[in-house]
Structure formats: structure tokens, C-alpha cells
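K.L.:
Just one file: protein.cif, with mmCIF, C-alpha atoms and all ligand atoms.
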data_protein
loop_
_atom_site.label_atom_id
_atom_site.label_comp_id
_atom_site.auth_asym_id
_atom_site.auth_seq_id
_atom_site.Cartn_x
_atom_site.Cartn_y
_atom_site.Cartn_z
CA MET A 1 66.85 94.95 -9.99
CA LYS A 2 68.65 93.34 -7.03
CA ASN A 3 68.49 89.57 -6.52
CA ILE A 4 67.39 87.76 -3.38
CA ILE A 5 67.26 83.98 -2.94
CA VAL A 6 64.59 82.40 -0.74
CA THR A 7 64.92 78.66 -0.11
CA GLY A 8 61.62 76.99 0.73
CA GLY A 9 59.77 79.90 -0.88
CA SER A 10 56.76 77.72 -1.72
CA GLY A 11 56.08 76.86 1.92
CA PHE A 12 53.94 78.81 4.37
CA ILE A 13 56.38 81.48 5.57
CA GLY A 14 58.31 81.36 2.28
CA SER A 15 55.20 82.21 0.21
CA ASN A 16 54.51 85.23 2.39
CA LEU A 17 58.16 86.30 2.35
CA VAL A 18 58.31 86.00 -1.47
CA ASN A 19 55.22 88.25 -1.72
CA TYR A 20 56.78 90.73 0.70
CA LEU A 21 60.06 90.92 -1.24
CA ILE A 22 58.40 91.14 -4.66
CA LYS A 23 56.41 94.12 -3.39
CA LYS A 24 59.69 95.71 -2.36
CA ARG A 25 60.81 95.33 -5.99
CA TYR A 26 63.57 92.77 -5.52
CA PHE A 27 64.04 89.98 -8.04
CA VAL A 28 63.21 86.87 -6.02
CA ILE A 29 64.60 83.44 -6.86
CA ASN A 30 62.71 80.74 -5.01
CA LEU A 31 64.61 77.45 -4.55
CA ASP A 32 62.16 74.78 -3.50
CA LYS A 33 61.98 70.99 -3.71
CA LEU A 34 58.17 71.29 -3.93
CA THR A 35 57.44 68.67 -1.27
CA TYR A 36 53.93 67.81 -0.05
CA ALA A 37 54.07 70.97 2.11
CA SER A 38 54.71 73.36 -0.76
CA ASN A 39 51.73 75.19 -2.07
CA LYS A 40 50.75 75.05 -5.70
CA TYR A 41 48.13 77.75 -5.10
CA HIS A 42 50.76 80.38 -4.45
CA ASN A 43 52.74 79.29 -7.52
CA LYS A 44 50.21 81.31 -9.49
CA ILE A 45 52.59 84.23 -9.01
CA ARG A 46 55.15 82.43 -11.10
CA ASN A 47 54.48 84.62 -14.13
CA LYS A 48 55.50 87.75 -12.26
CA ARG A 49 58.34 89.59 -13.93
CA ASN A 50 60.50 89.74 -10.83
CA TYR A 51 60.12 86.14 -9.69
CA LYS A 52 61.68 82.83 -10.66
CA LEU A 53 60.93 79.41 -9.19
CA ILE A 54 63.65 76.78 -9.48
CA LYS A 55 62.77 73.26 -8.40
CA ILE A 56 65.76 72.00 -6.47
CA ASP A 57 66.60 69.94 -3.42
CA ILE A 58 69.01 72.04 -1.35
CA ASN A 59 71.01 68.85 -0.93
CA ASN A 60 72.03 69.14 -4.58
CA LYS A 61 75.39 70.78 -3.89
CA ASN A 62 76.56 71.42 -7.46
CA LYS A 63 73.28 72.89 -8.63
CA LEU A 64 72.94 75.04 -5.51
CA PHE A 65 76.49 76.36 -5.90
CA LYS A 66 75.91 77.23 -9.56
CA ILE A 67 72.60 79.01 -8.91
CA ILE A 68 74.08 81.19 -6.17
CA LYS A 69 77.15 81.92 -8.32
CA ARG A 70 75.01 82.89 -11.31
CA HIS A 71 72.51 85.09 -9.47
CA LYS A 72 74.87 86.70 -6.92
CA PRO A 73 72.08 87.52 -4.47
CA LEU A 74 72.35 90.21 -1.82
CA VAL A 75 70.94 87.82 0.74
CA ILE A 76 69.73 84.24 1.05
CA PHE A 77 66.81 83.54 3.37
CA ASN A 78 67.02 79.86 4.26
CA LEU A 79 63.53 78.50 4.96
CA ALA A 80 63.74 75.13 3.18
CA ALA A 81 62.89 72.58 5.83
CA GLU A 82 60.78 69.68 6.96
CA THR A 83 58.63 71.29 9.63
CA HIS A 84 55.91 69.09 11.07
CA VAL A 85 56.84 67.70 14.49
CA ASP A 86 54.44 64.74 14.20
CA ARG A 87 56.01 63.69 10.91
CA SER A 88 59.46 63.91 12.51
CA ILE A 89 58.29 61.40 15.12
CA ASP A 90 57.12 58.93 12.45
CA GLY A 91 60.10 59.41 10.15
CA PRO A 92 63.03 61.55 11.32
CA GLU A 93 65.32 60.80 8.37
CA ASN A 94 63.99 63.46 5.99
CA PHE A 95 64.38 66.03 8.77
CA ILE A 96 68.06 65.20 9.16
CA LYS A 97 68.56 65.21 5.38
CA THR A 98 66.93 68.57 4.69
CA ASN A 99 67.32 70.50 7.90
CA ILE A 100 70.89 69.46 8.76
CA ASN A 101 72.50 68.17 5.55
CA GLY A 102 70.65 70.72 3.41
CA THR A 103 71.83 73.59 5.60
CA PHE A 104 75.33 72.11 5.53
CA ASN A 105 75.27 72.11 1.70
CA LEU A 106 74.16 75.71 1.65
CA LEU A 107 76.93 76.66 4.08
CA GLU A 108 79.50 74.80 2.00
CA SER A 109 78.40 76.63 -1.16
CA LEU A 110 78.73 79.94 0.66
CA ARG A 111 82.14 79.00 2.05
CA LEU A 112 83.46 78.15 -1.42
CA LEU A 113 81.87 81.22 -3.00
CA GLN A 114 83.65 83.49 -0.51
CA LYS A 115 86.85 82.58 -2.33
CA LYS A 116 85.32 84.01 -5.52
CA ASN A 117 84.37 87.14 -3.64
CA ILE A 118 80.66 86.29 -3.66
CA ARG A 119 79.44 86.90 -0.11
CA PRO A 120 75.66 87.15 0.19
CA LYS A 121 74.35 87.54 3.71
CA LEU A 122 72.65 84.42 5.03
CA VAL A 123 69.52 84.83 7.14
CA HIS A 124 68.98 81.35 8.55
CA ILE A 125 65.46 80.73 9.85
CA SER A 126 65.25 78.71 13.04
CA THR A 127 62.61 78.25 15.71
CA ASP A 128 61.82 78.78 19.40
CA GLU A 129 61.51 74.98 19.69
CA VAL A 130 65.31 74.60 19.91
CA TYR A 131 65.15 75.90 23.52
CA GLY A 132 62.84 73.05 24.53
CA ASP A 133 60.26 73.23 27.28
CA ILE A 134 60.19 76.62 29.03
CA LYS A 135 58.36 75.89 32.28
CA ASN A 136 58.82 79.42 33.68
CA GLY A 137 59.90 82.76 32.30
CA ARG A 138 61.02 83.29 28.72
CA SER A 139 64.12 82.09 26.85
CA ASP A 140 66.57 84.72 25.61
CA GLU A 141 69.27 84.13 23.00
CA PHE A 142 71.69 82.77 25.65
CA TYR A 143 69.30 80.11 26.87
CA GLN A 144 70.70 76.62 26.34
CA TYR A 145 69.44 74.49 23.46
CA GLN A 146 67.40 71.52 24.74
CA PRO A 147 65.40 70.24 21.76
CA SER A 148 62.81 67.54 22.46
CA SER A 149 61.66 66.27 19.05
CA PRO A 150 63.61 65.07 16.02
CA TYR A 151 62.32 68.22 14.29
CA SER A 152 63.65 70.64 16.90
CA ALA A 153 66.88 68.63 17.25
CA SER A 154 67.45 68.91 13.49
CA LYS A 155 66.84 72.66 13.65
CA ALA A 156 69.24 72.94 16.62
CA GLY A 157 71.87 70.95 14.70
CA ALA A 158 71.55 73.30 11.72
CA ASP A 159 71.89 76.36 13.99
CA HIS A 160 75.12 74.98 15.47
CA LEU A 161 76.50 74.42 11.98
CA VAL A 162 75.64 77.99 10.96
CA LYS A 163 77.32 79.32 14.13
CA SER A 164 80.44 77.24 13.48
CA TYR A 165 80.72 78.60 9.91
CA ILE A 166 80.35 82.13 11.19
CA ARG A 167 83.15 81.65 13.68
CA THR A 168 85.50 79.47 11.65
CA TYR A 169 85.00 80.79 8.10
CA LYS A 170 83.78 84.31 8.95
CA LEU A 171 80.55 83.64 7.09
CA ASN A 172 78.22 86.62 6.90
CA ALA A 173 75.13 85.18 8.63
CA VAL A 174 72.45 85.78 11.24
CA ILE A 175 69.93 83.38 12.79
CA SER A 176 66.31 84.07 13.66
CA ASN A 177 64.56 81.98 16.32
CA CYS A 178 60.87 82.64 15.83
CA CYS A 179 57.76 81.51 17.67
CA ASN A 180 54.67 79.89 16.07
CA ASN A 181 53.46 81.70 12.95
CA TYR A 182 49.90 81.96 11.65
CA GLY A 183 48.37 83.59 8.58
CA PRO A 184 47.72 82.92 4.87
CA TYR A 185 49.08 79.87 3.01
CA GLN A 186 49.71 77.62 6.04
CA PHE A 187 49.46 73.91 5.34
CA PRO A 188 46.35 72.48 7.06
CA GLU A 189 48.23 69.89 9.11
CA LYS A 190 49.19 72.77 11.44
CA LEU A 191 46.91 73.79 14.32
CA ILE A 192 45.22 77.02 13.16
CA PRO A 193 44.46 76.14 9.50
CA LYS A 194 43.44 72.64 10.56
CA MET A 195 40.89 74.05 13.02
CA ILE A 196 39.66 76.63 10.48
CA SER A 197 39.23 73.93 7.85
CA ASN A 198 37.38 71.67 10.30
CA ILE A 199 35.08 74.50 11.35
CA PHE A 200 34.25 75.23 7.70
CA ASN A 201 33.56 71.53 7.08
CA ASN A 202 31.54 70.67 10.21
CA LYS A 203 34.23 68.39 11.66
CA GLU A 204 35.50 67.69 15.17
CA LEU A 205 38.29 69.88 16.53
CA PRO A 206 41.02 67.52 17.78
CA VAL A 207 43.12 68.97 20.60
CA TYR A 208 46.11 67.07 22.02
CA ALA A 209 45.85 65.93 25.67
CA LYS A 210 43.79 68.52 27.59
CA GLY A 211 44.93 71.45 25.48
CA GLN A 212 47.05 72.96 28.26
CA ASN A 213 50.22 73.27 26.13
CA SER A 214 51.12 76.90 25.57
CA ARG A 215 52.57 78.51 22.44
CA GLU A 216 53.58 82.04 21.50
CA TRP A 217 51.91 83.26 18.28
CA ILE A 218 53.05 85.80 15.71
CA HIS A 219 51.41 86.82 12.44
CA VAL A 220 53.51 85.72 9.48
CA PHE A 221 53.55 89.29 8.08
CA ASP A 222 55.30 90.46 11.27
CA HIS A 223 57.78 87.60 10.92
CA CYS A 224 58.53 88.58 7.30
CA GLU A 225 59.23 92.15 8.37
CA ALA A 226 61.52 90.87 11.13
CA LEU A 227 63.43 88.73 8.62
CA PHE A 228 63.90 91.71 6.32
CA THR A 229 65.08 93.77 9.32
CA LEU A 230 67.61 91.03 10.12
CA TYR A 231 68.91 91.25 6.56
CA LEU A 232 69.24 95.05 6.74
CA LYS A 233 70.38 95.52 10.33
CA GLY A 234 71.10 92.13 11.96
CA LYS A 235 74.65 92.01 13.33
CA ASN A 236 76.74 89.40 11.62
CA GLY A 237 77.17 86.27 13.73
CA GLU A 238 74.25 86.95 16.06
CA SER A 239 70.98 85.16 16.82
CA TYR A 240 67.73 87.05 17.33
CA ASN A 241 64.57 85.80 18.97
CA VAL A 242 61.45 86.91 17.08
CA GLY A 243 58.34 86.76 19.23
CA SER A 244 55.11 88.61 19.91
CA GLY A 245 54.90 88.05 23.68
CA THR A 246 51.40 86.62 23.15
CA ASN A 247 51.14 83.14 24.67
CA LEU A 248 48.00 81.05 24.54
CA LYS A 249 47.10 77.57 25.70
CA ASN A 250 45.96 75.45 22.74
CA ILE A 251 42.51 75.03 24.24
CA ASP A 252 42.11 78.80 24.67
CA LEU A 253 43.25 79.38 21.12
CA VAL A 254 40.66 76.97 19.71
CA LYS A 255 37.92 78.58 21.84
CA LYS A 256 39.01 82.01 20.64
CA LEU A 257 38.89 80.83 17.04
CA LEU A 258 35.36 79.49 17.50
CA LYS A 259 34.35 82.83 18.99
CA VAL A 260 35.89 84.75 16.09
CA CYS A 261 34.11 82.52 13.55
CA LYS A 262 30.76 82.93 15.35
CA SER A 263 31.20 86.71 15.51
CA MET A 264 31.69 86.67 11.73
CA GLY A 265 28.45 84.78 11.21
CA ILE A 266 30.16 81.54 10.17
CA ARG A 267 27.86 78.62 10.86
CA ILE A 268 29.22 76.26 13.51
CA GLY A 269 27.98 72.77 12.62
CA LYS A 270 26.73 70.19 15.12
CA LYS A 271 29.85 68.04 14.73
CA THR A 272 32.21 70.95 15.31
CA LYS A 273 33.10 70.24 18.92
CA ILE A 274 36.43 70.19 20.74
CA LYS A 275 37.66 66.61 21.10
CA PHE A 276 40.62 65.79 23.32
CA VAL A 277 42.87 63.24 21.63
CA LYS A 278 45.96 61.30 22.63
CA ASP A 279 48.97 63.53 23.30
CA ARG A 280 52.04 63.76 21.08
CA PRO A 281 55.00 61.79 22.51
CA GLY A 282 57.57 64.16 24.05
CA HIS A 283 55.19 67.11 23.65
CA ASP A 284 56.82 70.29 24.98
CA PHE A 285 54.54 72.03 27.42
CA ARG A 286 55.43 75.62 26.74
CA TYR A 287 57.57 77.80 24.49
CA ALA A 288 58.04 81.47 25.31
CA LEU A 289 60.63 83.86 23.89
CA ASN A 290 62.28 86.88 25.36
CA SER A 291 62.58 89.10 22.25
CA LYS A 292 64.03 92.23 23.88
CA LYS A 293 67.18 92.06 21.74
CA ILE A 294 65.48 92.59 18.36
CA LEU A 295 63.06 95.08 19.91
CA LYS A 296 65.80 97.22 21.44
CA LYS A 297 68.77 96.79 19.12
CA LEU A 298 67.02 96.61 15.73
CA LYS A 299 63.86 98.59 16.61
CA TRP A 300 61.59 95.97 15.08
CA LYS A 301 58.30 95.24 16.77
CA PRO A 302 55.26 93.16 15.83
CA LYS A 303 52.30 95.24 14.63
CA ILE A 304 49.42 92.77 14.36
CA TYR A 305 47.39 92.05 17.50
CA PHE A 306 46.44 88.40 17.79
CA GLU A 307 42.63 88.85 17.72
CA LYS A 308 42.81 91.06 14.63
CA GLY A 309 45.32 88.79 12.90
CA LEU A 310 43.22 85.72 13.68
CA LYS A 311 40.10 87.31 12.21
CA GLU A 312 41.97 88.35 9.07
CA THR A 313 43.36 84.83 8.79
CA VAL A 314 39.86 83.34 8.92
CA ILE A 315 38.77 85.82 6.24
CA TRP A 316 41.73 84.79 4.06
CA TYR A 317 40.84 81.07 4.32
CA LEU A 318 37.20 81.93 3.58
CA LYS A 319 38.16 83.87 0.45
CA ASN A 320 40.72 81.30 -0.63
CA LYS A 321 38.89 78.02 -0.07
CA ASN A 322 40.69 76.55 -3.08
CA PHE A 323 43.96 76.75 -1.19
CA ILE A 324 42.93 73.80 1.03
CA LYS A 325 40.66 72.20 -1.59
CA ASN A 326 43.70 71.78 -3.88
CA ILE A 327 45.62 69.80 -1.24
CA PRO A 328 45.06 66.01 -1.23
CA ARG A 329 43.14 65.21 1.97
CA ALA A 330 45.38 62.23 2.72
CA ASN A 331 48.24 64.73 3.18
CA TYR A 332 46.70 66.39 6.21
CA LEU A 333 43.73 64.49 7.68
CA LYS A 334 45.49 61.42 9.10
CA ARG A 335 46.69 61.57 12.70
CA LEU A 336 50.49 61.29 12.71
CA GLY A 337 53.19 61.05 15.34
CA LEU A 338 51.85 58.18 17.40
CA LYS A 339 54.11 55.42 16.05
CA LEU A 340 56.73 54.55 18.65
N1 LIG B 1 55.64 77.79 10.75
C1 LIG B 1 56.08 78.19 11.92
O1 LIG B 1 55.29 78.45 12.83
C2 LIG B 1 57.57 78.36 12.15
C3 LIG B 1 58.00 78.97 13.33
C4 LIG B 1 59.36 79.18 13.53
C5 LIG B 1 60.27 78.79 12.58
N2 LIG B 1 59.84 78.17 11.44
C6 LIG B 1 60.85 77.78 10.44
O2 LIG B 1 60.59 78.54 9.26
C7 LIG B 1 60.94 77.77 8.11
C8 LIG B 1 59.75 77.69 7.16
O3 LIG B 1 58.66 77.11 7.86
P1 LIG B 1 57.24 76.88 7.15
O4 LIG B 1 56.25 76.76 8.23
O5 LIG B 1 57.07 77.89 6.09
O6 LIG B 1 57.49 75.45 6.48
P2 LIG B 1 56.65 74.67 5.39
O7 LIG B 1 56.70 73.24 5.78
O8 LIG B 1 55.33 75.31 5.16
O9 LIG B 1 57.51 74.89 4.04
C9 LIG B 1 58.78 74.34 3.85
C10 LIG B 1 59.16 74.49 2.38
O10 LIG B 1 60.47 73.93 2.21
C11 LIG B 1 60.49 73.14 1.04
N3 LIG B 1 61.51 72.10 1.18
C12 LIG B 1 61.49 71.03 2.01
N4 LIG B 1 62.59 70.29 1.85
C13 LIG B 1 63.35 70.90 0.90
C14 LIG B 1 64.60 70.63 0.31
N5 LIG B 1 65.32 69.54 0.64
N6 LIG B 1 65.08 71.47 -0.63
C15 LIG B 1 64.36 72.58 -1.00
N7 LIG B 1 63.15 72.89 -0.48
C16 LIG B 1 62.65 72.06 0.48
C17 LIG B 1 59.10 72.56 0.95
O11 LIG B 1 58.78 72.13 -0.37
C18 LIG B 1 58.24 73.73 1.42
O12 LIG B 1 57.86 74.54 0.33
C19 LIG B 1 61.40 76.41 8.62
O13 LIG B 1 62.80 76.43 8.71
C20 LIG B 1 60.80 76.32 10.02
O14 LIG B 1 61.58 75.53 10.87
C21 LIG B 1 58.50 77.95 11.20
#
Do you think you could lay out the structure here as C-alpha cells?
Ligand SMILES: NC(=O)c1ccc[n+]([C@@H]2O[C@H](COP(=O)([O-])OP(=O)(O)OC[C@H]3O[C@@H](n4cnc5c(N)ncnc54)[C@H](O)[C@@H]3O)[C@@H](O)[C@H]2O)c1
P.N.:
Amino acid sequence: MKNIIVTGGSGFIGSNLVNYLIKKRYFVINLDKLTYASNKYHNKIRNKRNYKLIKIDINNKNKLFKIIKRHKPLVIFNLAAETHVDRSIDGPENFIKTNINGTFNLLESLRLLQKKNIRPKLVHISTDEVYGDIKNGRSDEFYQYQPSSPYSASKAGADHLVKSYIRTYKLNAVISNCCNNYGPYQFPEKLIPKMISNIFNNKELPVYAKGQNSREWIHVFDHCEALFTLYLKGKNGESYNVGSGTNLKNIDLVKKLLKVCKSMGIRIGKKTKIKFVKDRPGHDFRYALNSKKILKKLKWKPKIYFEKGLKETVIWYLKNKNFIKNIPRANYLKRLGLKL
């Protein structure tokens, strides 16, 4: 059985990617610090024969080096990160530590391991947020980086480090810049699972400002397939945008979600009403990717239409109510990101 390392494999995208790779019969080693954002629910798979969870902070250079040396993976998918923009506004330090220093440690391990002839491919997972506000059109891979939040700045910093290691040390790596993901196992501080959870629990639906901010949405299964395609076919040293082309204003997304829930016969309680709340400081108005490169050069394309994916996501949260029930409410109910 061939080994693959996933860092951050207990997070939202990581959990889905681990499932995807296990199904493909790889032996998956998940390196995760198990922060508040990691999901214990998914850890149920830990008894699988082709899966191993190692609790580790990717900042632990010696341990990281030894694990990679021992397991000699074909590829490392780097998803370990602090990811919530509002938290990055309240406390940027952890974002710098994990997203920049952690990536640096990983790169250093890979640089040193090259000398021992261990050269796994690195698929580094970044975001569309590094391009900043896209008022018009869509950003391609040559668009300049203009991050607005400490989160996106830390992701941009990590991307620059990866690119410098590719050029200077000939590291075997590719970068994916993906749009907003949705689907199973997403922590309920993020927009879609938060709204689903509030609908289920007869709570208000808080929407920042007037809900006019626009995001591009992709189902996490499509993202996982894109990441695997990048491992198989991504050209060393290149970045690839991974988008669906489906943009929605936040307000329209929440209305759509309400409609989907109603159509499924889910009871919408009296308190479940859209409530406009104070905007996030520095809130980017719009992200939109031009993903022609991955579509044309690697022949990947997203398969899940938004309406269908959204309905299936609601069904997943209905069937897996314990996923959110198991998370301490204090970890996701409090409004964050307003401290200045
Ligand atoms: N969710 C999205 O919509 C989206 C979109 C584009 C890109 N991304 C990127 O994809 C990656 C994964 O995102 P996600 O939404 O799954 O995140 P998440 O917050 O759900 O999960 C992150 C995981 O990383 C782990 N982690 C955090 N710090 C760590 C450390 N120092 N060492 C080891 N593990 C650590 C956490 O315990 C958690 O399990 C991130 O790099 C993010 O920037 C996410």
C-alpha cells in the first residue's frame, strides 16, 4: 500500500480528503494538532486499516522530519491551517505561527529530505482570498496578491515561501488556490453550516452588513478530486485556481438555503429570520476565480451543481446531527472579529 500524508486531515476539507484517499486504497497518515476546528466525529474512522492519525503541531520540526522520513509518502497534501477570518482579526498570531511558520517547517523538512533522496510531491492548499477584492472580472493565476485580512495575508505569505522553495531548491510542489468550499464536516462557525444549524434550532440567521458580499462556492468533493488531479498531473512549480464559476451574494445563498430546507419539509421556526449584523472589518466584497487553467490543462472540472450539492449537504447535517452536537457551543456561537 502506498503512503500519503495529509496535514490538517481532521479539519473540514482534510476529513473529506482522507475519506477520498482511503477509498482509493492509499495508506493515509493524518498529521493534525487537533485544534478546536478539528472534528472528533470524523476520528471514528481511526480504526481503519489504512489510516493513521498522529497528533502533531506542524511547527514541531524534528517530529515532522522524522515522520516524513519514516513513511516516505508519495505526496503530502498540506491543509493544516488556522482558517477563520474573524478569528484572525481578534488574534492574528496563531495564523502566522501555523500558516506561515508551519508551512516553513514543512518546506525545511522537504528541503533536507531531498538530500536523502526522499522527494514527495507537495500539494500546498491555498485560497482565492490571497487575490483580495475582485470588483470586476475573475482573477487568474497571474493576478497580483492583495490579501486583506491577517488570514489571507498569512496564506499569501505561505504561498510565497512555497514558490521560493520551488525556484531556489527545486522542490517538487504545486499550489491550489480554491474558492469557498461547502459540504460534510464543516465547522459551524462558517456560513453554510452555521445557517443550517440555526435553521434546525429555530435561531436567527445573522448576515454581515446587507449580505451583498459575493463568494464562489464549490462542493468539497469536487475540491478533493481537484487536489488529487494536482498530485497526479499538476506541473511542478505551478499554481492552479480551483473554482466552480458559481458566485452568489451571501443574502441570496441564505435565501436559497431556506428554500431548499422548506422544499425538504424542514420546519422553519418563528425565530428563524434573516438578521443583518455589523460587518466584518476589512470585509472583501467579492472573490471570483478564473479556473480555465485546471479545466484546460488538467481536464478537471467540478461535477456537483450548487443546488444539488446544497440539498445533499442539508441532508448530511440532518443525518449527522451529532457532528454539531459534539462541538462545544462556545466554540462557534459567539460573534468574533469585531475587536479593533
Ligand atoms: N474551507 C474553505 O472554504 C477553504 C477554501 C479555500 C482554501 N482553504 C484552505 O484549505 C485548508 C483547509 O481548510 P479547512 O476549511 O478544512 O480548515 P479547518 O479549519 O476546518 O481545519 C484545519 C485543520 O488544521 C489543523 N491544524 C491547525 N493548526 C495546526 C498545526 N499547527 N499543526 C497541525 N494541524 C493543525 C486543525 O486541527 C484542523 O483539523 C486551509 O489551508 C484553508 O486555508 C479552505
K.L.:
Can you tell me, as a PDB file with C-alpha atoms, in the frame of the given file, what residues are no more than 8 Å from region 67-72 of chain A when counting only C-alpha atoms, ignoring any on the same chain fewer than 2 positions away?
P.N.:
ATOM      1  CA  ASN A   3      68.490  89.570  -6.520  1.00  0.00           C
ATOM      2  CA  LYS A  63      73.280  72.890  -8.630  1.00  0.00           C
ATOM      3  CA  LEU A  64      72.940  75.040  -5.510  1.00  0.00           C
ATOM      4  CA  PHE A  65      76.490  76.360  -5.900  1.00  0.00           C
ATOM      5  CA  LEU A  74      72.350  90.210  -1.820  1.00  0.00           C
ATOM      6  CA  LEU A 113      81.870  81.220  -3.000  1.00  0.00           C
ATOM      7  CA  ILE A 118      80.660  86.290  -3.660  1.00  0.00           C
ATOM      8  CA  PRO A 120      75.660  87.150   0.190  1.00  0.00           C
TER       9      PRO A 120
END
K.L.:
For each of A:Lys115, A:Lys155, A:Lys170, A:His42, take the minimum atom-to-atom distance to ligand LIG 1 (chain B), counting all atoms listed in the file, then give the residue where this is smallest.
P.N.:
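Closest candidate: A:Lys155.
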K.L.:
Given all atoms listed in the file, how would the per-residue table for chain A near ligand LIG 1 (chain B) read, listing every residue at most 6 Å away with its closest atom pair and distance in Å to one decimal, sorted by chain and number, as a tab-separated table?
P.N.:
residue	atom	partner	partner_atom	distance
A:Gly8	CA	B:LIG1	O10	3.6
A:Gly9	CA	B:LIG1	O12	5.8
A:Ser10	CA	B:LIG1	O12	3.9
A:Gly11	CA	B:LIG1	O9	3.2
A:Phe12	CA	B:LIG1	O5	3.7
A:Ile13	CA	B:LIG1	O5	3.7
A:Gly14	CA	B:LIG1	O5	5.3
A:Asp32	CA	B:LIG1	N7	3.7
A:Lys33	CA	B:LIG1	N7	3.9
A:Leu34	CA	B:LIG1	O11	3.7
A:Thr35	CA	B:LIG1	O11	3.8
A:Ala37	CA	B:LIG1	C18	5.0
A:Ser38	CA	B:LIG1	O12	3.5
A:Ile56	CA	B:LIG1	C15	5.7
A:Asp57	CA	B:LIG1	N6	3.5
A:Ile58	CA	B:LIG1	N6	4.0
A:Asn59	CA	B:LIG1	N5	5.9
A:Leu79	CA	B:LIG1	C7	4.1
A:Ala80	CA	B:LIG1	O10	3.6
A:Ala81	CA	B:LIG1	C12	4.4
A:Glu82	CA	B:LIG1	C12	5.2
A:Thr83	CA	B:LIG1	O7	4.7
A:Thr98	CA	B:LIG1	N5	4.5
A:Ile125	CA	B:LIG1	O13	5.2
A:Ser126	CA	B:LIG1	C5	5.0
A:Thr127	CA	B:LIG1	C5	3.9
A:Cys178	CA	B:LIG1	C4	4.4
A:Cys179	CA	B:LIG1	C4	5.0
A:Asn180	CA	B:LIG1	O1	3.6
A:Asn181	CA	B:LIG1	O1	3.7
K.L.:
Mind pulling up the distance from CA of Tyr26 (chain A) to CA of Gly309 (chain A)?
P.N.:
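It comes out at 26.2 Å.
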K.L.:
Restricting the calculation to only C-alpha atoms: of A:Asn177, A:Tyr165, A:Ser88, A:Tyr305, which residue gets closest to Tyr145 (chain A)?
P.N.:
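Of A:Asn177, A:Tyr165, A:Ser88, A:Tyr305, the one nearest Tyr145 (chain A) is A:Asn177, counting only C-alpha atoms.
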K.L.:
Just checking: using only C-alpha atoms, which residue out of A:Ile100, A:Leu336, A:Ala330, A:Ile175 ends up closest to His84 (chain A)?
P.N.:
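Counting only C-alpha atoms, the residue closest to His84 (chain A) is A:Leu336.
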K.L.:
Would you pick out the contacts of Ile76 (chain A) at 6 Å or less, using all atoms listed in the file, so that residues sharing its chain but fewer than 5 positions from it are not included, and give the list as a list in words?
P.N.:
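Listed by chain and then number, they are Ile5, Val6 and Leu122 of chain A.
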K.L.:
One number please: CA of Val254 (chain A) to CA of Gly211 (chain A), in Å, one decimal.
P.N.:
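Separating CA of Val254 (chain A) from CA of Gly211 (chain A) is a distance of 9.1 Å.
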K.L.:
Might you pull out every residue within 10 Å of Met264 (chain A), with all atoms listed in the file counted and same-chain residues fewer than 6 positions away left off, and present them as a list in words?
P.N.:
Leu258, Lys311, Val314 and Ile315 of chain A
K.L.:
Expressed in Å to a single decimal, how great is the separation between CA of Gly337 (chain A) and CA of Gly91 (chain A)?
P.N.:
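CA of Gly91 (chain A) lies at a distance of 8.8 Å from CA of Gly337 (chain A).
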K.L.:
Within 8 Å of Ala173 (chain A), counting only C-alpha atoms, which residues show up once you throw out same-chain ones fewer than 3 positions away? Write them as a list in words, please.
P.N.:
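With the cut-off at 8 Å, the set is Lys121, Leu122, Val123, His124, Val162, Ile166, Asn236, Gly237 and Glu238 of chain A.
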K.L.:
Within 12 Å of (34.5, 80.5, 1.2), only C-alpha atoms: residues as JSON, numbers by chain?
P.N.:
{"A": [196, 197, 199, 200, 201, 266, 267, 314, 315, 316, 317, 318, 319, 320, 321, 322, 323, 324, 325]}
K.L.:
Point out the residue among A:Phe104, A:Tyr143, A:Trp217, A:Tyr131 with the least atom-to-atom distance to Ser164 (chain A), counting only C-alpha atoms.
P.N.:
A:Phe104
K.L.:
Select all residues near (55.9, 88.9, -6.6) (cut-off 6 Å, inclusive, file coordinates), counting only C-alpha atoms, and output them as a PyMOL selection string.
P.N.:
chain A and resi 19+22+48+51
